[in-house]
$ cat protein37.cif   # mmCIF, C-alpha atoms
data_my_file
loop_
_atom_site.label_atom_id
_atom_site.label_comp_id
_atom_site.auth_asym_id
_atom_site.auth_seq_id
_atom_site.Cartn_x
_atom_site.Cartn_y
_atom_site.Cartn_z
CA MET A 598 86.68 88.82 92.01
CA LEU A 599 85.00 92.05 93.09
CA VAL A 600 81.86 91.16 91.13
CA VAL A 601 81.60 87.84 92.96
CA THR A 602 82.05 89.63 96.28
CA LEU A 603 79.27 92.09 95.42
CA ALA A 604 76.99 89.23 94.38
CA LEU A 605 77.66 87.44 97.68
CA ALA A 606 76.87 90.66 99.55
CA ALA A 607 73.53 90.92 97.74
CA VAL A 608 72.71 87.27 98.49
CA GLY A 609 73.70 87.78 102.13
CA PHE A 610 71.42 90.81 102.38
CA ALA A 611 68.54 88.86 100.84
CA LEU A 612 69.10 86.04 103.33
CA LEU A 613 69.12 88.56 106.16
CA VAL A 614 65.78 89.98 105.04
CA VAL A 615 64.30 86.48 104.79
CA ALA A 616 65.66 85.62 108.24
CA LEU A 617 64.11 88.72 109.75
CA MET A 618 60.76 88.15 108.04
CA THR A 619 60.47 84.49 108.99
CA GLY A 620 62.26 84.58 112.33
CA SER A 621 64.29 81.54 111.33
CA VAL A 622 67.79 81.06 112.68
CA VAL A 623 68.71 78.83 109.72
CA TRP A 624 68.37 81.73 107.27
CA ALA A 625 70.39 83.93 109.60
CA TRP A 626 73.21 81.37 109.70
CA GLY A 627 73.06 81.17 105.91
CA CYS A 628 73.49 84.94 105.79
CA ILE A 629 76.51 84.71 108.08
CA VAL A 630 78.12 81.97 105.98
CA VAL A 631 77.62 83.88 102.72
CA CYS A 632 78.93 87.13 104.23
CA VAL A 633 82.04 85.43 105.63
CA ALA A 634 82.72 83.86 102.21
CA GLY A 635 82.39 87.30 100.61
CA ALA A 636 84.74 88.84 103.17
CA VAL A 637 87.33 86.13 102.52
CA LEU A 638 87.12 86.71 98.76
CA LEU A 639 87.46 90.46 99.28
CA LEU A 640 90.54 89.93 101.45
CA VAL A 641 92.10 87.55 98.92
CA GLY A 642 91.47 90.05 96.13
CA ALA A 643 93.00 92.90 98.11
CA LEU A 644 96.11 90.88 98.97
CA ALA A 645 96.51 89.75 95.36
CA GLY A 646 96.25 93.37 94.21
CA LYS A 647 99.06 94.41 96.55
CA LYS A 648 101.38 91.74 95.18
CA ALA A 649 101.01 93.01 91.60
CA THR A 650 103.90 95.44 91.22
CA VAL A 651 105.62 97.13 88.29
CA VAL A 652 108.92 95.55 87.23
CA PRO A 653 111.69 98.18 87.16
CA GLY A 654 112.88 98.96 83.64
CA GLN A 655 109.60 98.04 82.00
CA PRO A 656 106.88 100.60 81.29
CA ALA A 657 103.71 100.20 83.27
CA SER A 658 100.64 99.51 81.20
CA GLY A 659 97.77 101.92 81.55
CA VAL A 660 99.85 104.89 82.64
CA PRO A 661 98.57 108.11 81.04
CA GLY A 662 101.07 109.63 78.65
CA ASP A 663 103.08 106.43 78.31
CA ARG A 664 103.00 105.43 74.65
CA GLY A 665 105.86 102.93 74.78
CA THR A 666 109.02 102.84 72.70
CA ALA A 667 107.24 102.64 69.33
CA ALA A 668 106.03 106.23 69.68
CA ASP A 669 109.58 107.48 70.29
CA THR A 670 110.88 106.44 66.87
CA ASP A 671 109.63 108.07 63.69
CA THR A 672 109.53 105.55 60.84
CA THR A 673 107.91 107.83 58.27
CA PRO A 674 110.01 107.84 55.07
CA GLY A 675 111.64 111.19 54.45
CA SER A 676 110.88 112.56 57.90
CA ASP A 677 114.54 113.55 58.32
CA GLU A 678 114.44 115.89 55.37
CA THR A 679 113.43 119.51 55.56
CA ASP A 680 111.98 121.49 52.67
#
$ encode --input "protein37.cif" --output "structure tokens"
Amino acid sequence: MLVVTLALAAVGFALLVVALMTGSVVWAWGCIVVCVAGAVLLLVGALAGKKATVVPGQPASGVPGDRGTAADTDTTPGSDETD
């Protein structure tokens, strides 16, 4: 979603430059429409990111140092024995 927002910002900037070079109000309104669409997408993405929370009791993915439950058990044969 962020990539689409950045693309809309670039298109809006290009439309602004064209509007300033030509002096046309139509290009300026196009810039405004594209920028408002980008702002709405950015707001939707930010609100969706806030709703994503970690469920208690389950490990969060991507946390440094968290290797899950498989790393806690040693399944190597003979690992209990000492020489």
$ residues_around --input "protein37.cif" --residues "Thr602 (chain A)" --least-positions-apart "3" --cutoff "7 Å" --atoms "only C-alpha atoms" --output "ChimeraX atom specification"
/A:598-599,605-606,635,638-639
$ write_last_selection --input "protein37.cif" --atoms "C-alpha atoms" --output "tab-separated table (two decimals), in the frame of the given file"
chain	number	residue	atom	x	y	z
A	598	MET	CA	86.68	88.82	92.01
A	599	LEU	CA	85.00	92.05	93.09
A	605	LEU	CA	77.66	87.44	97.68
A	606	ALA	CA	76.87	90.66	99.55
A	635	GLY	CA	82.39	87.30	100.61
A	638	LEU	CA	87.12	86.71	98.76
A	639	LEU	CA	87.46	90.46	99.28
$ atom_distance --input "protein37.cif" --atom1 "CA of Gly609 (chain A)" --atom2 "CA of Gly642 (chain A)"
18.9 Å
$ atom_distance --input "protein37.cif" --atom1 "CA of Phe610 (chain A)" --atom2 "CA of Ala643 (chain A)"
22.1 Å
$ resolve_selection --input "protein37.cif" --expression "the PyMOL selection byres ((chain A and resi 611) around 12)" --output "list in words"
Ala604, Leu605, Ala606, Ala607, Val608, Gly609, Phe610, Leu612, Leu613, Val614, Val615, Ala616, Leu617, Met618, Trp624, Ala625, Gly627, Cys628, Ile629, Val631 and Cys632 of chain A
$ write_last_selection --input "protein37.cif" --atoms "C-alpha atoms" --output "short mmCIF file (atom, residue, chain, number, x, y, z; two decimals), in the coordinates of the input"
data_model
loop_
_atom_site.label_atom_id
_atom_site.label_comp_id
_atom_site.auth_asym_id
_atom_site.auth_seq_id
_atom_site.Cartn_x
_atom_site.Cartn_y
_atom_site.Cartn_z
CA ALA A 604 76.99 89.23 94.38
CA LEU A 605 77.66 87.44 97.68
CA ALA A 606 76.87 90.66 99.55
CA ALA A 607 73.53 90.92 97.74
CA VAL A 608 72.71 87.27 98.49
CA GLY A 609 73.70 87.78 102.13
CA PHE A 610 71.42 90.81 102.38
CA LEU A 612 69.10 86.04 103.33
CA LEU A 613 69.12 88.56 106.16
CA VAL A 614 65.78 89.98 105.04
CA VAL A 615 64.30 86.48 104.79
CA ALA A 616 65.66 85.62 108.24
CA LEU A 617 64.11 88.72 109.75
CA MET A 618 60.76 88.15 108.04
CA TRP A 624 68.37 81.73 107.27
CA ALA A 625 70.39 83.93 109.60
CA GLY A 627 73.06 81.17 105.91
CA CYS A 628 73.49 84.94 105.79
CA ILE A 629 76.51 84.71 108.08
CA VAL A 631 77.62 83.88 102.72
CA CYS A 632 78.93 87.13 104.23
#
$ atom_distance --input "protein37.cif" --atom1 "CA of Ala645 (chain A)" --atom2 "CA of Trp626 (chain A)"
28.6 Å
$ closest_residue --input "protein37.cif" --among "A:Val630, A:Ala649, A:Val637, A:Leu644" --to "Val601 (chain A)" --atoms "all atoms listed in the file"
A:Val637
$ decode --input "protein37.cif" --residues "region 633-645 of chain A" --atoms "all heavy atoms" --output "PDB file, in the first residue's frame"
ATOM      1  N   VAL A 633      -5.135  13.699  -2.927  1.00  0.00           N
ATOM      2  CA  VAL A 633      -6.143  13.302  -1.945  1.00  0.00           C
ATOM      3  C   VAL A 633      -6.297  11.784  -1.934  1.00  0.00           C
ATOM      4  O   VAL A 633      -6.412  11.170  -0.869  1.00  0.00           O
ATOM      5  CB  VAL A 633      -7.491  14.007  -2.229  1.00  0.00           C
ATOM      6  CG1 VAL A 633      -8.627  13.380  -1.444  1.00  0.00           C
ATOM      7  CG2 VAL A 633      -7.378  15.492  -1.915  1.00  0.00           C
ATOM      8  N   ALA A 634      -6.273  11.153  -3.113  1.00  0.00           N
ATOM      9  CA  ALA A 634      -6.351   9.687  -3.174  1.00  0.00           C
ATOM     10  C   ALA A 634      -5.156   9.055  -2.466  1.00  0.00           C
ATOM     11  O   ALA A 634      -5.299   8.065  -1.730  1.00  0.00           O
ATOM     12  CB  ALA A 634      -6.419   9.225  -4.628  1.00  0.00           C
ATOM     13  N   GLY A 635      -3.981   9.613  -2.649  1.00  0.00           N
ATOM     14  CA  GLY A 635      -2.793   9.107  -1.965  1.00  0.00           C
ATOM     15  C   GLY A 635      -2.879   9.285  -0.459  1.00  0.00           C
ATOM     16  O   GLY A 635      -2.480   8.406   0.303  1.00  0.00           O
ATOM     17  N   ALA A 636      -3.420  10.417  -0.018  1.00  0.00           N
ATOM     18  CA  ALA A 636      -3.565  10.660   1.421  1.00  0.00           C
ATOM     19  C   ALA A 636      -4.562   9.683   2.035  1.00  0.00           C
ATOM     20  O   ALA A 636      -4.346   9.185   3.150  1.00  0.00           O
ATOM     21  CB  ALA A 636      -4.009  12.099   1.664  1.00  0.00           C
ATOM     22  N   VAL A 637      -5.638   9.384   1.314  1.00  0.00           N
ATOM     23  CA  VAL A 637      -6.625   8.423   1.815  1.00  0.00           C
ATOM     24  C   VAL A 637      -5.992   7.039   1.925  1.00  0.00           C
ATOM     25  O   VAL A 637      -6.178   6.334   2.922  1.00  0.00           O
ATOM     26  CB  VAL A 637      -7.873   8.410   0.917  1.00  0.00           C
ATOM     27  CG1 VAL A 637      -8.773   7.224   1.219  1.00  0.00           C
ATOM     28  CG2 VAL A 637      -8.640   9.712   1.067  1.00  0.00           C
ATOM     29  N   LEU A 638      -5.244   6.628   0.914  1.00  0.00           N
ATOM     30  CA  LEU A 638      -4.577   5.323   0.972  1.00  0.00           C
ATOM     31  C   LEU A 638      -3.562   5.259   2.111  1.00  0.00           C
ATOM     32  O   LEU A 638      -3.435   4.231   2.782  1.00  0.00           O
ATOM     33  CB  LEU A 638      -3.881   5.021  -0.353  1.00  0.00           C
ATOM     34  CG  LEU A 638      -4.766   4.527  -1.480  1.00  0.00           C
ATOM     35  CD1 LEU A 638      -3.953   4.322  -2.744  1.00  0.00           C
ATOM     36  CD2 LEU A 638      -5.455   3.251  -1.092  1.00  0.00           C
ATOM     37  N   LEU A 639      -2.857   6.341   2.333  1.00  0.00           N
ATOM     38  CA  LEU A 639      -1.889   6.378   3.438  1.00  0.00           C
ATOM     39  C   LEU A 639      -2.599   6.267   4.783  1.00  0.00           C
ATOM     40  O   LEU A 639      -2.144   5.542   5.675  1.00  0.00           O
ATOM     41  CB  LEU A 639      -1.076   7.675   3.371  1.00  0.00           C
ATOM     42  CG  LEU A 639       0.088   7.790   4.343  1.00  0.00           C
ATOM     43  CD1 LEU A 639       1.128   6.719   4.052  1.00  0.00           C
ATOM     44  CD2 LEU A 639       0.707   9.166   4.249  1.00  0.00           C
ATOM     45  N   LEU A 640      -3.732   6.934   4.924  1.00  0.00           N
ATOM     46  CA  LEU A 640      -4.501   6.855   6.160  1.00  0.00           C
ATOM     47  C   LEU A 640      -5.059   5.457   6.379  1.00  0.00           C
ATOM     48  O   LEU A 640      -5.010   4.928   7.486  1.00  0.00           O
ATOM     49  CB  LEU A 640      -5.630   7.884   6.132  1.00  0.00           C
ATOM     50  CG  LEU A 640      -6.494   7.985   7.383  1.00  0.00           C
ATOM     51  CD1 LEU A 640      -5.646   8.465   8.555  1.00  0.00           C
ATOM     52  CD2 LEU A 640      -7.652   8.923   7.148  1.00  0.00           C
ATOM     53  N   VAL A 641      -5.571   4.841   5.320  1.00  0.00           N
ATOM     54  CA  VAL A 641      -6.101   3.478   5.422  1.00  0.00           C
ATOM     55  C   VAL A 641      -4.986   2.505   5.817  1.00  0.00           C
ATOM     56  O   VAL A 641      -5.175   1.629   6.659  1.00  0.00           O
ATOM     57  CB  VAL A 641      -6.768   3.051   4.102  1.00  0.00           C
ATOM     58  CG1 VAL A 641      -7.054   1.566   4.074  1.00  0.00           C
ATOM     59  CG2 VAL A 641      -8.047   3.831   3.890  1.00  0.00           C
ATOM     60  N   GLY A 642      -3.830   2.652   5.221  1.00  0.00           N
ATOM     61  CA  GLY A 642      -2.696   1.792   5.564  1.00  0.00           C
ATOM     62  C   GLY A 642      -2.243   1.966   6.995  1.00  0.00           C
ATOM     63  O   GLY A 642      -1.906   0.997   7.683  1.00  0.00           O
ATOM     64  N   ALA A 643      -2.245   3.191   7.480  1.00  0.00           N
ATOM     65  CA  ALA A 643      -1.835   3.449   8.862  1.00  0.00           C
ATOM     66  C   ALA A 643      -2.845   2.864   9.842  1.00  0.00           C
ATOM     67  O   ALA A 643      -2.465   2.290  10.873  1.00  0.00           O
ATOM     68  CB  ALA A 643      -1.676   4.945   9.096  1.00  0.00           C
ATOM     69  N   LEU A 644      -4.125   3.011   9.554  1.00  0.00           N
ATOM     70  CA  LEU A 644      -5.152   2.459  10.442  1.00  0.00           C
ATOM     71  C   LEU A 644      -5.149   0.938  10.414  1.00  0.00           C
ATOM     72  O   LEU A 644      -5.369   0.296  11.440  1.00  0.00           O
ATOM     73  CB  LEU A 644      -6.529   2.993  10.059  1.00  0.00           C
ATOM     74  CG  LEU A 644      -6.747   4.477  10.331  1.00  0.00           C
ATOM     75  CD1 LEU A 644      -8.124   4.912   9.828  1.00  0.00           C
ATOM     76  CD2 LEU A 644      -6.576   4.803  11.787  1.00  0.00           C
ATOM     77  N   ALA A 645      -4.876   0.345   9.269  1.00  0.00           N
ATOM     78  CA  ALA A 645      -4.806  -1.116   9.181  1.00  0.00           C
ATOM     79  C   ALA A 645      -3.586  -1.636   9.931  1.00  0.00           C
ATOM     80  O   ALA A 645      -3.626  -2.717  10.518  1.00  0.00           O
ATOM     81  CB  ALA A 645      -4.751  -1.554   7.724  1.00  0.00           C
TER      82      ALA A 645
END
